[in-house]
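Source file: start14.pdb (PDB, C-alpha atoms)
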```pdb
ATOM      1  CA  MET A  19      22.671  -7.092   8.321
ATOM      2  CA  THR A  20      19.275  -6.934   6.599
ATOM      3  CA  ASP A  21      17.650  -4.227   4.513
ATOM      4  CA  THR A  22      15.707  -1.629   6.520
ATOM      5  CA  LEU A  23      12.752   0.182   4.977
ATOM      6  CA  TYR A  24      11.497   3.423   6.511
ATOM      7  CA  ILE A  25       7.841   4.137   5.789
ATOM      8  CA  GLY A  26       5.167   6.626   6.809
ATOM      9  CA  ASP A  27       1.559   6.102   7.831
ATOM     10  CA  TYR A  28       0.019   3.039   6.184
ATOM     11  CA  THR A  29      -3.268   4.845   5.590
ATOM     12  CA  TYR A  30      -2.019   8.034   3.990
ATOM     13  CA  SER A  31       1.539   7.646   2.694
ATOM     14  CA  SER A  32       1.138   6.722  -0.955
ATOM     15  CA  TRP A  33       4.859   6.757  -1.646
ATOM     16  CA  SER A  34       5.476   4.480   1.323
ATOM     17  CA  LEU A  35       2.949   2.037  -0.118
ATOM     18  CA  ARG A  36       4.976   1.962  -3.313
ATOM     19  CA  GLY A  37       8.221   1.322  -1.457
ATOM     20  CA  TRP A  38       6.692  -1.396   0.714
ATOM     21  CA  LEU A  39       5.197  -3.166  -2.322
ATOM     22  CA  LEU A  40       8.620  -3.183  -3.986
ATOM     23  CA  PHE A  41       9.770  -5.446  -1.173
ATOM     24  CA  ARG A  42       6.640  -7.360  -0.180
ATOM     25  CA  ARG A  43       5.204  -8.083  -3.624
ATOM     26  CA  PHE A  44       8.499  -9.552  -4.859
ATOM     27  CA  GLY A  45       9.409 -11.662  -1.840
ATOM     28  CA  LEU A  46      12.222  -9.400  -0.628
ATOM     29  CA  GLN A  47      12.775  -9.210   3.119
ATOM     30  CA  ALA A  48      13.272  -5.983   5.052
ATOM     31  CA  LYS A  49      12.953  -4.708   8.576
ATOM     32  CA  THR A  50      10.297  -1.982   8.646
ATOM     33  CA  VAL A  51      10.653   1.251  10.621
ATOM     34  CA  LEU A  52       7.464   3.305  10.909
ATOM     35  CA  VAL A  53       7.806   7.086  10.866
ATOM     36  CA  ASP A  54       5.026   8.776  12.857
ATOM     37  CA  PHE A  55       3.538  11.720  10.956
ATOM     38  CA  THR A  56       2.344  13.220  14.268
ATOM     39  CA  ALA A  57       5.752  13.088  15.979
ATOM     40  CA  GLY A  58       7.710  15.749  14.131
ATOM     41  CA  SER A  59       9.164  16.060  10.677
ATOM     42  CA  VAL A  60      10.173  13.046   8.663
ATOM     43  CA  ALA A  61      13.665  14.491   8.261
ATOM     44  CA  GLU A  62      14.095  14.637  12.056
ATOM     45  CA  GLN A  63      12.890  11.074  12.491
ATOM     46  CA  VAL A  64      15.256   9.665   9.871
ATOM     47  CA  ALA A  65      18.214  11.849  10.830
ATOM     48  CA  GLU A  66      20.272   8.713  11.497
ATOM     49  CA  ILE A  67      20.299   8.034   7.767
ATOM     50  CA  ALA A  68      20.756  11.567   6.434
ATOM     51  CA  PRO A  69      20.793  12.833   3.725
ATOM     52  CA  ALA A  70      17.547  10.842   3.410
ATOM     53  CA  ARG A  71      14.676  13.042   4.563
ATOM     54  CA  THR A  72      11.525  11.539   3.042
ATOM     55  CA  VAL A  73       9.677   8.224   3.064
ATOM     56  CA  PRO A  74      10.079   5.686   1.747
ATOM     57  CA  CYS A  75      13.793   5.406   2.195
ATOM     58  CA  ALA A  76      15.942   2.365   2.748
ATOM     59  CA  ARG A  77      19.241   1.416   4.275
ATOM     60  CA  LEU A  78      20.288  -1.697   2.414
ATOM     61  CA  SER A  79      22.213  -4.608   3.869
ATOM     62  CA  ASP A  80      25.615  -3.259   2.823
ATOM     63  CA  GLY A  81      24.889   0.186   4.283
ATOM     64  CA  ALA A  82      23.855   1.845   1.016
ATOM     65  CA  LEU A  83      21.127   4.492   1.309
ATOM     66  CA  VAL A  84      18.262   4.913  -1.158
ATOM     67  CA  TRP A  85      15.788   7.753  -0.557
ATOM     68  CA  ASP A  86      13.708   7.835  -3.716
ATOM     69  CA  SER A  87      11.081   5.274  -4.687
ATOM     70  CA  LEU A  88      12.045   5.036  -8.348
ATOM     71  CA  ALA A  89      15.707   4.709  -7.414
ATOM     72  CA  LEU A  90      14.680   2.019  -4.941
ATOM     73  CA  ALA A  91      12.906   0.064  -7.683
ATOM     74  CA  GLU A  92      15.989   0.192  -9.892
ATOM     75  CA  GLU A  93      18.404  -0.674  -7.081
ATOM     76  CA  LEU A  94      16.351  -3.641  -5.912
ATOM     77  CA  ALA A  95      16.047  -4.864  -9.497
ATOM     78  CA  SER A  96      19.828  -4.663  -9.879
ATOM     79  CA  ARG A  97      20.466  -6.509  -6.629
ATOM     80  CA  HIS A  98      17.732  -9.123  -7.144
ATOM     81  CA  PRO A  99      17.609  -9.773 -10.893
ATOM     82  CA  GLY A 100      15.501 -12.901 -10.470
ATOM     83  CA  ALA A 101      12.779 -11.245  -8.404
ATOM     84  CA  GLY A 102      10.868  -9.894 -11.400
ATOM     85  CA  LEU A 103      10.641  -6.229 -10.447
ATOM     86  CA  TRP A 104      10.761  -5.274 -14.113
ATOM     87  CA  PRO A 105       9.456  -7.387 -17.031
ATOM     88  CA  ALA A 106      11.956  -9.709 -18.665
ATOM     89  CA  ASP A 107      10.811  -8.735 -22.160
ATOM     90  CA  PRO A 108      12.823  -5.649 -23.261
ATOM     91  CA  ALA A 109       9.886  -3.882 -24.919
ATOM     92  CA  LEU A 110       7.610  -4.405 -21.924
ATOM     93  CA  ARG A 111      10.416  -3.409 -19.582
ATOM     94  CA  ALA A 112      10.791  -0.132 -21.473
ATOM     95  CA  THR A 113       7.040   0.438 -21.195
ATOM     96  CA  ALA A 114       7.043  -0.319 -17.471
ATOM     97  CA  ARG A 115       9.926   2.036 -16.778
ATOM     98  CA  SER A 116       8.360   4.820 -18.834
ATOM     99  CA  LEU A 117       4.998   4.505 -17.095
ATOM    100  CA  ALA A 118       6.594   4.380 -13.651
ATOM    101  CA  ALA A 119       8.701   7.449 -14.424
ATOM    102  CA  GLU A 120       5.637   9.394 -15.596
ATOM    103  CA  MET A 121       3.796   8.425 -12.416
ATOM    104  CA  HIS A 122       6.790   9.541 -10.384
ATOM    105  CA  ALA A 123       6.810  12.986 -11.980
ATOM    106  CA  SER A 124       3.219  13.738 -12.976
ATOM    107  CA  PHE A 125      -0.473  13.789 -12.021
ATOM    108  CA  ASP A 126      -0.127  16.658  -9.552
ATOM    109  CA  ALA A 127      -3.836  17.531  -9.651
ATOM    110  CA  LEU A 128      -4.962  13.986  -8.901
ATOM    111  CA  ARG A 129      -2.437  13.640  -6.104
ATOM    112  CA  GLY A 130      -3.201  17.060  -4.619
ATOM    113  CA  ASP A 131      -6.993  17.027  -4.816
ATOM    114  CA  CYS A 132      -7.374  13.350  -3.893
ATOM    115  CA  PRO A 133      -4.845  12.482  -1.192
ATOM    116  CA  MET A 134      -4.704   8.768  -0.510
ATOM    117  CA  ASN A 135      -6.844   7.859   2.491
ATOM    118  CA  LEU A 136      -7.350   4.130   2.954
ATOM    119  CA  ARG A 137      -9.614   4.714   5.962
ATOM    120  CA  ALA A 138     -12.314   6.384   3.856
ATOM    121  CA  ALA A 139     -14.326   6.169   0.658
ATOM    122  CA  TYR A 140     -16.279   9.235  -0.414
ATOM    123  CA  THR A 141     -19.339  10.045  -2.467
ATOM    124  CA  GLY A 142     -20.068  13.329  -4.177
ATOM    125  CA  PHE A 143     -16.513  14.311  -5.066
ATOM    126  CA  GLN A 144     -16.487  16.637  -8.084
ATOM    127  CA  PRO A 145     -13.170  16.458  -9.938
ATOM    128  CA  SER A 146     -11.676  19.605 -11.406
ATOM    129  CA  GLU A 147     -10.749  19.910 -15.050
ATOM    130  CA  ALA A 148      -7.142  19.250 -14.082
ATOM    131  CA  VAL A 149      -8.082  16.047 -12.247
ATOM    132  CA  ARG A 150     -10.157  14.900 -15.206
ATOM    133  CA  ALA A 151      -7.188  15.549 -17.481
ATOM    134  CA  ASP A 152      -4.953  13.469 -15.198
ATOM    135  CA  LEU A 153      -7.516  10.653 -15.213
ATOM    136  CA  ALA A 154      -7.707  10.726 -18.995
ATOM    137  CA  ARG A 155      -3.934  10.443 -19.247
ATOM    138  CA  VAL A 156      -3.825   7.614 -16.682
ATOM    139  CA  GLN A 157      -6.461   5.680 -18.600
ATOM    140  CA  ALA A 158      -4.651   6.210 -21.890
ATOM    141  CA  LEU A 159      -1.422   4.859 -20.392
ATOM    142  CA  TRP A 160      -3.118   1.882 -18.772
ATOM    143  CA  SER A 161      -5.031   1.013 -21.933
ATOM    144  CA  TRP A 162      -1.940   1.208 -24.111
ATOM    145  CA  ALA A 163       0.147  -0.903 -21.728
ATOM    146  CA  LEU A 164      -2.549  -3.559 -21.323
ATOM    147  CA  GLU A 165      -2.976  -3.806 -25.080
ATOM    148  CA  GLN A 166       0.782  -4.237 -25.494
ATOM    149  CA  SER A 167       1.113  -6.877 -22.786
ATOM    150  CA  GLY A 168      -2.236  -8.655 -22.786
ATOM    151  CA  GLY A 169      -2.477  -8.180 -18.997
ATOM    152  CA  PRO A 170      -3.552  -9.049 -16.412
ATOM    153  CA  TRP A 171      -1.262  -6.368 -14.945
ATOM    154  CA  LEU A 172       0.046  -3.408 -16.907
ATOM    155  CA  CYS A 173       3.016  -5.224 -18.411
ATOM    156  CA  GLY A 174       1.923  -8.834 -18.065
ATOM    157  CA  ASP A 175       2.876 -10.177 -14.650
ATOM    158  CA  TYR A 176       2.852  -7.830 -11.654
ATOM    159  CA  SER A 177       5.925  -5.597 -11.803
ATOM    160  CA  ALA A 178       7.248  -2.414 -10.224
ATOM    161  CA  VAL A 179       5.056  -0.275 -12.466
ATOM    162  CA  ASP A 180       1.966  -1.766 -10.821
ATOM    163  CA  ALA A 181       3.378  -0.885  -7.397
ATOM    164  CA  PHE A 182       3.703   2.697  -8.625
ATOM    165  CA  TYR A 183       0.093   2.848  -9.766
ATOM    166  CA  ALA A 184      -1.408   1.106  -6.707
ATOM    167  CA  PRO A 185      -2.041   4.446  -4.928
ATOM    168  CA  VAL A 186      -3.664   5.796  -8.100
ATOM    169  CA  ALA A 187      -6.037   2.850  -8.024
ATOM    170  CA  ALA A 188      -6.740   3.606  -4.353
ATOM    171  CA  ARG A 189      -7.562   7.219  -5.199
ATOM    172  CA  ILE A 190      -9.916   6.245  -8.021
ATOM    173  CA  ALA A 191     -11.678   3.799  -5.710
ATOM    174  CA  GLY A 192     -11.737   6.012  -2.642
ATOM    175  CA  TYR A 193     -13.087   9.121  -4.350
ATOM    176  CA  GLY A 194     -15.471   7.294  -6.666
ATOM    177  CA  LEU A 195     -13.770   8.708  -9.755
ATOM    178  CA  THR A 196     -15.348   7.777 -13.055
ATOM    179  CA  VAL A 197     -13.171   5.658 -15.325
ATOM    180  CA  GLY A 198     -13.894   3.215 -18.130
ATOM    181  CA  PRO A 199     -14.422  -0.540 -17.722
ATOM    182  CA  GLN A 200     -10.820  -1.485 -18.484
ATOM    183  CA  ALA A 201      -9.441   0.959 -15.919
ATOM    184  CA  GLN A 202     -12.073  -0.050 -13.396
ATOM    185  CA  ALA A 203     -11.052  -3.697 -13.741
ATOM    186  CA  TYR A 204      -7.427  -2.732 -13.136
ATOM    187  CA  VAL A 205      -8.446  -0.767 -10.025
ATOM    188  CA  ALA A 206     -10.409  -3.777  -8.769
ATOM    189  CA  ALA A 207      -7.356  -5.996  -9.253
ATOM    190  CA  HIS A 208      -5.388  -3.748  -6.894
ATOM    191  CA  LEU A 209      -8.138  -3.682  -4.280
ATOM    192  CA  ALA A 210      -8.231  -7.492  -4.292
ATOM    193  CA  ASP A 211      -4.452  -7.964  -4.328
ATOM    194  CA  PRO A 212      -3.342  -9.695  -1.091
ATOM    195  CA  ALA A 213      -0.347  -7.407  -0.604
ATOM    196  CA  PHE A 214      -2.443  -4.253  -1.010
ATOM    197  CA  ARG A 215      -5.061  -5.669   1.355
ATOM    198  CA  ARG A 216      -2.400  -6.446   3.936
ATOM    199  CA  TRP A 217      -1.072  -2.887   3.765
ATOM    200  CA  ARG A 218      -4.548  -1.417   4.232
ATOM    201  CA  ALA A 219      -5.306  -3.783   7.103
ATOM    202  CA  MET A 220      -2.153  -2.649   8.885
ATOM    203  CA  GLY A 221      -3.220   0.962   8.441
ATOM    204  CA  LEU A 222      -6.556   0.346  10.112
ATOM    205  CA  VAL A 223      -4.955  -1.075  13.253
ATOM    206  CA  ARG A 224      -1.981   1.279  13.551
ATOM    207  CA  GLY A 225      -1.808   5.037  13.847
ATOM    208  CA  ALA A 226      -4.401   7.745  14.307
ATOM    209  CA  GLU A 227      -6.886   9.232  11.883
ATOM    210  CA  LEU A 228      -5.204  12.389  10.618
ATOM    211  CA  PRO A 229      -7.797  15.138  10.036
ATOM    212  CA  TRP A 230      -5.775  17.062   7.471
ATOM    213  CA  TYR A 231      -6.239  14.169   5.024
ATOM    214  CA  ALA A 232     -10.032  14.096   5.438
ATOM    215  CA  ARG A 233     -12.489  15.618   2.960
ATOM    216  CA  ASP A 234     -15.837  17.182   3.856
ATOM    217  CA  LEU A 235     -17.833  14.665   1.854
ATOM    218  CA  ASP A 236     -20.305  11.905   2.591
ATOM    219  CA  ARG A 237     -18.640   8.575   3.247
ATOM    220  CA  ALA A 238     -19.365   5.251   1.603
ATOM    221  CA  ASP A 239     -18.266   1.688   2.234
ATOM    222  CA  TRP A 240     -14.766   0.873   1.035
ATOM    223  CA  PRO A 241     -15.227  -0.655  -2.448
ATOM    224  CA  GLY A 242     -12.966  -3.646  -1.863
ATOM    225  CA  PRO A 243     -13.812  -7.280  -1.091
ATOM    226  CA  ALA A 244     -16.615  -8.000   1.381
ATOM    227  CA  PRO A 245     -15.908  -8.798   5.051
ATOM    228  CA  LEU A 246     -15.472 -12.320   6.315
ATOM    229  CA  ALA A 247     -17.196 -13.517   9.494
ATOM    230  CA  ALA A 248     -15.076 -13.344  12.646
ATOM    231  CA  GLN A 249     -16.155 -13.175  16.297
ATOM    232  CA  PRO A 250     -14.352 -11.967  19.446
ATOM    233  CA  VAL A 251     -14.140 -14.585  22.216
ATOM    234  CA  ASP A 252     -13.084 -14.322  25.841
ATOM    235  CA  THR A 253     -10.393 -16.977  26.184
ATOM    236  CA  GLY A 254      -7.705 -18.837  24.227
ATOM    237  CA  PRO A 255      -5.435 -20.527  23.585
ATOM    238  CA  ALA A 256      -4.643 -18.997  20.210
ATOM    239  CA  VAL A 257      -2.755 -20.608  17.345
ATOM    240  CA  ASN A 258      -0.275 -17.688  17.437
ATOM    241  CA  ALA A 259       1.819 -16.873  20.498
ATOM    242  CA  ALA A 260       2.440 -13.200  19.676
ATOM    243  CA  CYS A 261       0.301 -10.436  18.213
ATOM    244  CA  PRO A 262       1.126 -10.213  14.491
ATOM    245  CA  TYR A 263       0.922  -6.420  14.580
ATOM    246  CA  SER A 264       3.047  -5.636  17.634
ATOM    247  CA  GLY A 265       4.865  -8.865  18.479
ATOM    248  CA  ASP A 266       3.606  -8.600  22.076
ATOM    249  CA  PRO A 267       2.045 -11.560  23.961
ATOM    250  CA  VAL A 268      -1.603 -12.223  23.102
ATOM    251  CA  THR A 269      -4.327 -11.240  25.563
ATOM    252  CA  HIS A 270      -7.422 -10.914  23.329
ATOM    253  CA  PHE A 271      -8.870 -13.546  21.043
ATOM    254  CA  LEU A 272     -10.862 -13.899  17.862
ATOM    255  CA  SER A 273     -12.577 -16.946  16.369
ATOM    256  CA  PHE A 274     -12.416 -17.461  12.622
ATOM    257  CA  GLU A 275     -13.237 -20.596  10.627
ATOM    258  CA  GLY A 276     -12.801 -22.908  13.618
ATOM    259  CA  SER A 277      -9.515 -21.490  14.934
ATOM    260  CA  LEU A 278      -8.664 -18.910  17.597
ATOM    261  CA  TYR A 279      -6.240 -16.092  16.872
ATOM    262  CA  GLY A 280      -4.587 -13.827  19.405
ATOM    263  CA  PHE A 281      -3.928 -10.067  19.641
ATOM    264  CA  CYS A 282      -2.192  -7.825  22.146
ATOM    265  CA  ASN A 283      -5.239  -5.632  22.788
ATOM    266  CA  ALA A 284      -8.916  -5.188  21.990
ATOM    267  CA  PHE A 285      -8.219  -2.476  19.425
ATOM    268  CA  CYS A 286      -6.154  -4.785  17.198
ATOM    269  CA  ARG A 287      -8.689  -7.583  17.639
ATOM    270  CA  ASP A 288     -11.782  -5.505  16.915
ATOM    271  CA  LYS A 289     -10.272  -3.668  13.963
ATOM    272  CA  THR A 290      -9.270  -6.986  12.437
ATOM    273  CA  ALA A 291     -12.741  -8.423  12.976
ATOM    274  CA  ALA A 292     -14.384  -5.414  11.320
ATOM    275  CA  ASP A 293     -12.003  -4.878   8.423
ATOM    276  CA  PRO A 294     -12.840  -6.405   5.019
ATOM    277  CA  GLU A 295      -9.176  -6.589   4.044
ATOM    278  CA  ALA A 296      -7.728  -7.736   7.339
ATOM    279  CA  TRP A 297      -8.257 -11.475   7.201
ATOM    280  CA  PRO A 298      -6.101 -12.286   4.173
ATOM    281  CA  ALA A 299      -3.522  -9.931   5.645
ATOM    282  CA  PHE A 300      -3.760 -11.396   9.118
ATOM    283  CA  MET A 301      -3.470 -14.971   7.902
ATOM    284  CA  ALA A 302      -0.201 -14.015   6.215
ATOM    285  CA  LEU A 303       1.040 -12.158   9.281
ATOM    286  CA  VAL A 304       0.212 -14.895  11.736
ATOM    287  CA  GLN A 305       2.459 -17.395   9.960
ATOM    288  CA  GLY A 306       5.462 -15.655  11.457
ATOM    289  CA  THR A 307       4.112 -15.560  15.002
ATOM    290  CA  ARG A 308       3.019 -19.137  15.613
TER     291      ARG A 308
END
```

Can the structure in the file be given as structure tokens, please?
Amino acid sequence: MTDTLYIGDYTYSSWSLRGWLLFRRFGLQAKTVLVDFTAGSVAEQVAEIAPARTVPCARLSDGALVWDSLALAEELASRHPGAGLWPADPALRATARSLAAEMHASFDALRGDCPMNLRAAYTGFQPSEAVRADLARVQALWSWALEQSGGPWLCGDYSAVDAFYAPVAARIAGYGLTVGPQAQAYVAAHLADPAFRRWRAMGLVRGAELPWYARDLDRADWPGPAPLAAQPVDTGPAVNAACPYSGDPVTHFLSFEGSLYGFCNAFCRDKTAADPEAWPAFMALVQGTR
């Protein structure tokens, strides 16, 4: 029996992103079950693992249930002590746990006024005083941690605390929030991180655009890495036998850097071709479908 991770929409579910990174970023394997935000309540869709009623939640290989992201970080660290979820250095580990706990419990204004939306980047957003106060606190925490550790991530190497702040970085980027150079560099590191890019790529090819997450603001280009050239073609064969998104047989093809890659439909193909983050993600996905 393997671990099973239940997650919400890739585009909008910031807590699911945290849970997924706790597995993916540390080389831990899990079957993923996607909860559809348009198909009823989360509690109804995860009723088989009650009392869990939110995402992310996990049923671990021995049947144990974990339905809180911070608890998940601690449980995975206990079960996989060599994976590096928390820093090995005791002082840095204390810092990482404190910062993750504050993220878990705080920044209500930033989270409420700037819901994560990885399909959009906005211009013209005017933060409230409460949002500006949250941003000031975030920057103070990041600056202090980076000075303690020397970077490049908050506590040296990437650890669970960075997974917890990945959606904060996405909010700062997506809403064009003003932060100082040190914080901006940390945001850019998240946007360029292969695991984050894979998550966003999956969001752009799965699920619908949910209007209640949208903001009535002008849109801008996503501030992540630039697109890579890829072209749809009519015929294969492809290097992969199954679509990396669905697992279905390939019927549509894309040419990239001299190789042909296959998808189960035109939507998956065209979204991948257009998405700046999709190619690093796709190249990782396709390894399992050759």

inquiry  = What does the structure give for the distance between atom CA of Ser161 of chain A and atom CA of Ala118 of chain A, in Å to one decimal?
reply    = 14.7 Å

One-decimal distance in Å that lies between atom CA of His208 of chain A and atom CA of Tyr140 of chain A =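 Taking atom CA of Tyr140 of chain A as the start and atom CA of His208 of chain A as the end point, the length is 18.1 Å.
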
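Nearest residue to Leu228 of chain A among A:Leu278, A:Met134, A:Ile25, A:Ala259 is A:Met134, counting only C-alpha atoms.
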
Segment 37-50 of chain A: axis-aligned bounding box, 6 Å on each side, centre and edge lengths in Å, one decimal, as AutoDock Vina command-line options:
```
--center_x 9.2 --center_y -5.2 --center_z 1.9 --size_x 20.1 --size_y 25.0 --size_z 25.5
```

Need the shell around Ala139 of chain A: protein/DNA/RNA residues with any atom at most 6 Å away, counting all atoms listed in the file. Skip same-chain ones fewer than 3 positions apart. Format as a PDB file with C-alpha atoms, keeping the file's coordinate frame?
```pdb
ATOM      1  CA  GLY A 192     -11.737   6.012  -2.642  1.00  0.00           C
ATOM      2  CA  TYR A 193     -13.087   9.121  -4.350  1.00  0.00           C
ATOM      3  CA  ARG A 237     -18.640   8.575   3.247  1.00  0.00           C
ATOM      4  CA  ALA A 238     -19.365   5.251   1.603  1.00  0.00           C
ATOM      5  CA  TRP A 240     -14.766   0.873   1.035  1.00  0.00           C
TER       6      TRP A 240
END
```

task = Name the closest residue to Gln202 of chain A among the candidates A:Val73, A:Ala95, A:Val156, A:Ala163; distances are taken between atoms, counting all atoms listed in the file.
result = A:Val156

key: Hits from the PyMOL selection byres ((chain A and resi 198) around 12), listed as a list in words   =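 Against this file, the PyMOL selection byres ((chain A and resi 198) around 12) returns the residues Leu153, Ala154, Val156, Gln157, Ala158, Trp160, Ser161, Ile190, Leu195, Thr196, Val197, Pro199, Gln200, Ala201, Gln202, Ala203, Tyr204 and Val205 of chain A.
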
ask   = Any idea what's packed within 7 Å of Asn283 of chain A, counting all atoms listed in the file, ignoring anything in its chain fewer than 2 positions away? Could you give it as a PyMOL selection string?
value = chain A and resi 269-270+281+285-287

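Of the residues under consideration (A:Ala101, A:Val84, A:Leu222, A:Ala138), A:Val84 shows the shortest atom-to-atom contact distance to Ala68 of chain A when counting all atoms listed in the file.
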
message = Counting only C-alpha atoms, which residues have an atom no more than 9 Å from (5.3, -6.4, -11.0) in the file's coordinates? Please list them as a list in words.
response = Leu40, Arg43, Phe44, Gly102, Leu103, Trp104, Pro105, Trp171, Leu172, Cys173, Gly174, Asp175, Tyr176, Ser177, Ala178, Val179, Asp180 and Ala181 of chain A

Keeping only C-alpha atoms, write those residues as a PDB file, in the coordinates of the input.
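That gives us again_35.pdb:
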```
ATOM      1  CA  LEU A  40       8.620  -3.183  -3.986  1.00  0.00           C
ATOM      2  CA  ARG A  43       5.204  -8.083  -3.624  1.00  0.00           C
ATOM      3  CA  PHE A  44       8.499  -9.552  -4.859  1.00  0.00           C
ATOM      4  CA  GLY A 102      10.868  -9.894 -11.400  1.00  0.00           C
ATOM      5  CA  LEU A 103      10.641  -6.229 -10.447  1.00  0.00           C
ATOM      6  CA  TRP A 104      10.761  -5.274 -14.113  1.00  0.00           C
ATOM      7  CA  PRO A 105       9.456  -7.387 -17.031  1.00  0.00           C
ATOM      8  CA  TRP A 171      -1.262  -6.368 -14.945  1.00  0.00           C
ATOM      9  CA  LEU A 172       0.046  -3.408 -16.907  1.00  0.00           C
ATOM     10  CA  CYS A 173       3.016  -5.224 -18.411  1.00  0.00           C
ATOM     11  CA  GLY A 174       1.923  -8.834 -18.065  1.00  0.00           C
ATOM     12  CA  ASP A 175       2.876 -10.177 -14.650  1.00  0.00           C
ATOM     13  CA  TYR A 176       2.852  -7.830 -11.654  1.00  0.00           C
ATOM     14  CA  SER A 177       5.925  -5.597 -11.803  1.00  0.00           C
ATOM     15  CA  ALA A 178       7.248  -2.414 -10.224  1.00  0.00           C
ATOM     16  CA  VAL A 179       5.056  -0.275 -12.466  1.00  0.00           C
ATOM     17  CA  ASP A 180       1.966  -1.766 -10.821  1.00  0.00           C
ATOM     18  CA  ALA A 181       3.378  -0.885  -7.397  1.00  0.00           C
TER      19      ALA A 181
END
```

query = Using all atoms listed in the file, which of A:Gly225, A:Pro250, A:Pro145, A:Pro267 sits nearest Ala57 of chain A?
reply = A:Gly225

request  = Measure the distance from atom CA of Arg77 of chain A to atom CA of Asp107 of chain A in Å and round it to one decimal.
outcome  =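 Straight-line distance from atom CA of Arg77 of chain A to atom CA of Asp107 of chain A works out to 29.5 Å.
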
If I only want segment 88-100 of chain A, can you write it with N, CA, C and O atoms, as a PDB file, in the first residue's frame?
```pdb
ATOM      1  N   LEU A  88       0.512  21.186   8.258  1.00  0.00           N
ATOM      2  CA  LEU A  88       1.652  21.235   9.176  1.00  0.00           C
ATOM      3  C   LEU A  88       1.866  19.874   9.840  1.00  0.00           C
ATOM      4  O   LEU A  88       3.006  19.414   9.991  1.00  0.00           O
ATOM      5  N   ALA A  89       0.771  19.222  10.206  1.00  0.00           N
ATOM      6  CA  ALA A  89       0.889  17.865  10.742  1.00  0.00           C
ATOM      7  C   ALA A  89       1.490  16.921   9.704  1.00  0.00           C
ATOM      8  O   ALA A  89       2.285  16.031  10.036  1.00  0.00           O
ATOM      9  N   LEU A  90       1.130  17.122   8.440  1.00  0.00           N
ATOM     10  CA  LEU A  90       1.682  16.292   7.379  1.00  0.00           C
ATOM     11  C   LEU A  90       3.192  16.480   7.265  1.00  0.00           C
ATOM     12  O   LEU A  90       3.948  15.507   7.115  1.00  0.00           O
ATOM     13  N   ALA A  91       3.648  17.724   7.359  1.00  0.00           N
ATOM     14  CA  ALA A  91       5.090  17.984   7.302  1.00  0.00           C
ATOM     15  C   ALA A  91       5.809  17.253   8.430  1.00  0.00           C
ATOM     16  O   ALA A  91       6.855  16.614   8.214  1.00  0.00           O
ATOM     17  N   GLU A  92       5.259  17.333   9.629  1.00  0.00           N
ATOM     18  CA  GLU A  92       5.913  16.685  10.773  1.00  0.00           C
ATOM     19  C   GLU A  92       5.867  15.164  10.659  1.00  0.00           C
ATOM     20  O   GLU A  92       6.850  14.478  10.967  1.00  0.00           O
ATOM     21  N   GLU A  93       4.736  14.626  10.192  1.00  0.00           N
ATOM     22  CA  GLU A  93       4.620  13.172  10.087  1.00  0.00           C
ATOM     23  C   GLU A  93       5.550  12.624   9.015  1.00  0.00           C
ATOM     24  O   GLU A  93       6.204  11.588   9.210  1.00  0.00           O
ATOM     25  N   LEU A  94       5.627  13.303   7.880  1.00  0.00           N
ATOM     26  CA  LEU A  94       6.538  12.845   6.833  1.00  0.00           C
ATOM     27  C   LEU A  94       7.988  12.943   7.290  1.00  0.00           C
ATOM     28  O   LEU A  94       8.809  12.070   6.976  1.00  0.00           O
ATOM     29  N   ALA A  95       8.315  13.996   8.023  1.00  0.00           N
ATOM     30  CA  ALA A  95       9.682  14.131   8.537  1.00  0.00           C
ATOM     31  C   ALA A  95      10.010  13.009   9.512  1.00  0.00           C
ATOM     32  O   ALA A  95      11.136  12.489   9.518  1.00  0.00           O
ATOM     33  N   SER A  96       9.043  12.608  10.321  1.00  0.00           N
ATOM     34  CA  SER A  96       9.269  11.508  11.262  1.00  0.00           C
ATOM     35  C   SER A  96       9.456  10.186  10.542  1.00  0.00           C
ATOM     36  O   SER A  96      10.292   9.363  10.919  1.00  0.00           O
ATOM     37  N   ARG A  97       8.673   9.972   9.488  1.00  0.00           N
ATOM     38  CA  ARG A  97       8.718   8.703   8.773  1.00  0.00           C
ATOM     39  C   ARG A  97       9.877   8.625   7.782  1.00  0.00           C
ATOM     40  O   ARG A  97      10.284   7.526   7.399  1.00  0.00           O
ATOM     41  N   HIS A  98      10.365   9.777   7.344  1.00  0.00           N
ATOM     42  CA  HIS A  98      11.446   9.818   6.346  1.00  0.00           C
ATOM     43  C   HIS A  98      12.538  10.768   6.843  1.00  0.00           C
ATOM     44  O   HIS A  98      12.749  11.842   6.281  1.00  0.00           O
ATOM     45  N   PRO A  99      13.248  10.380   7.895  1.00  0.00           N
ATOM     46  CA  PRO A  99      14.209  11.305   8.502  1.00  0.00           C
ATOM     47  C   PRO A  99      15.356  11.714   7.585  1.00  0.00           C
ATOM     48  O   PRO A  99      15.979  12.745   7.815  1.00  0.00           O
ATOM     49  N   GLY A 100      15.630  10.931   6.555  1.00  0.00           N
ATOM     50  CA  GLY A 100      16.707  11.283   5.644  1.00  0.00           C
ATOM     51  C   GLY A 100      16.291  12.137   4.474  1.00  0.00           C
ATOM     52  O   GLY A 100      17.133  12.505   3.644  1.00  0.00           O
TER      53      GLY A 100
END
```
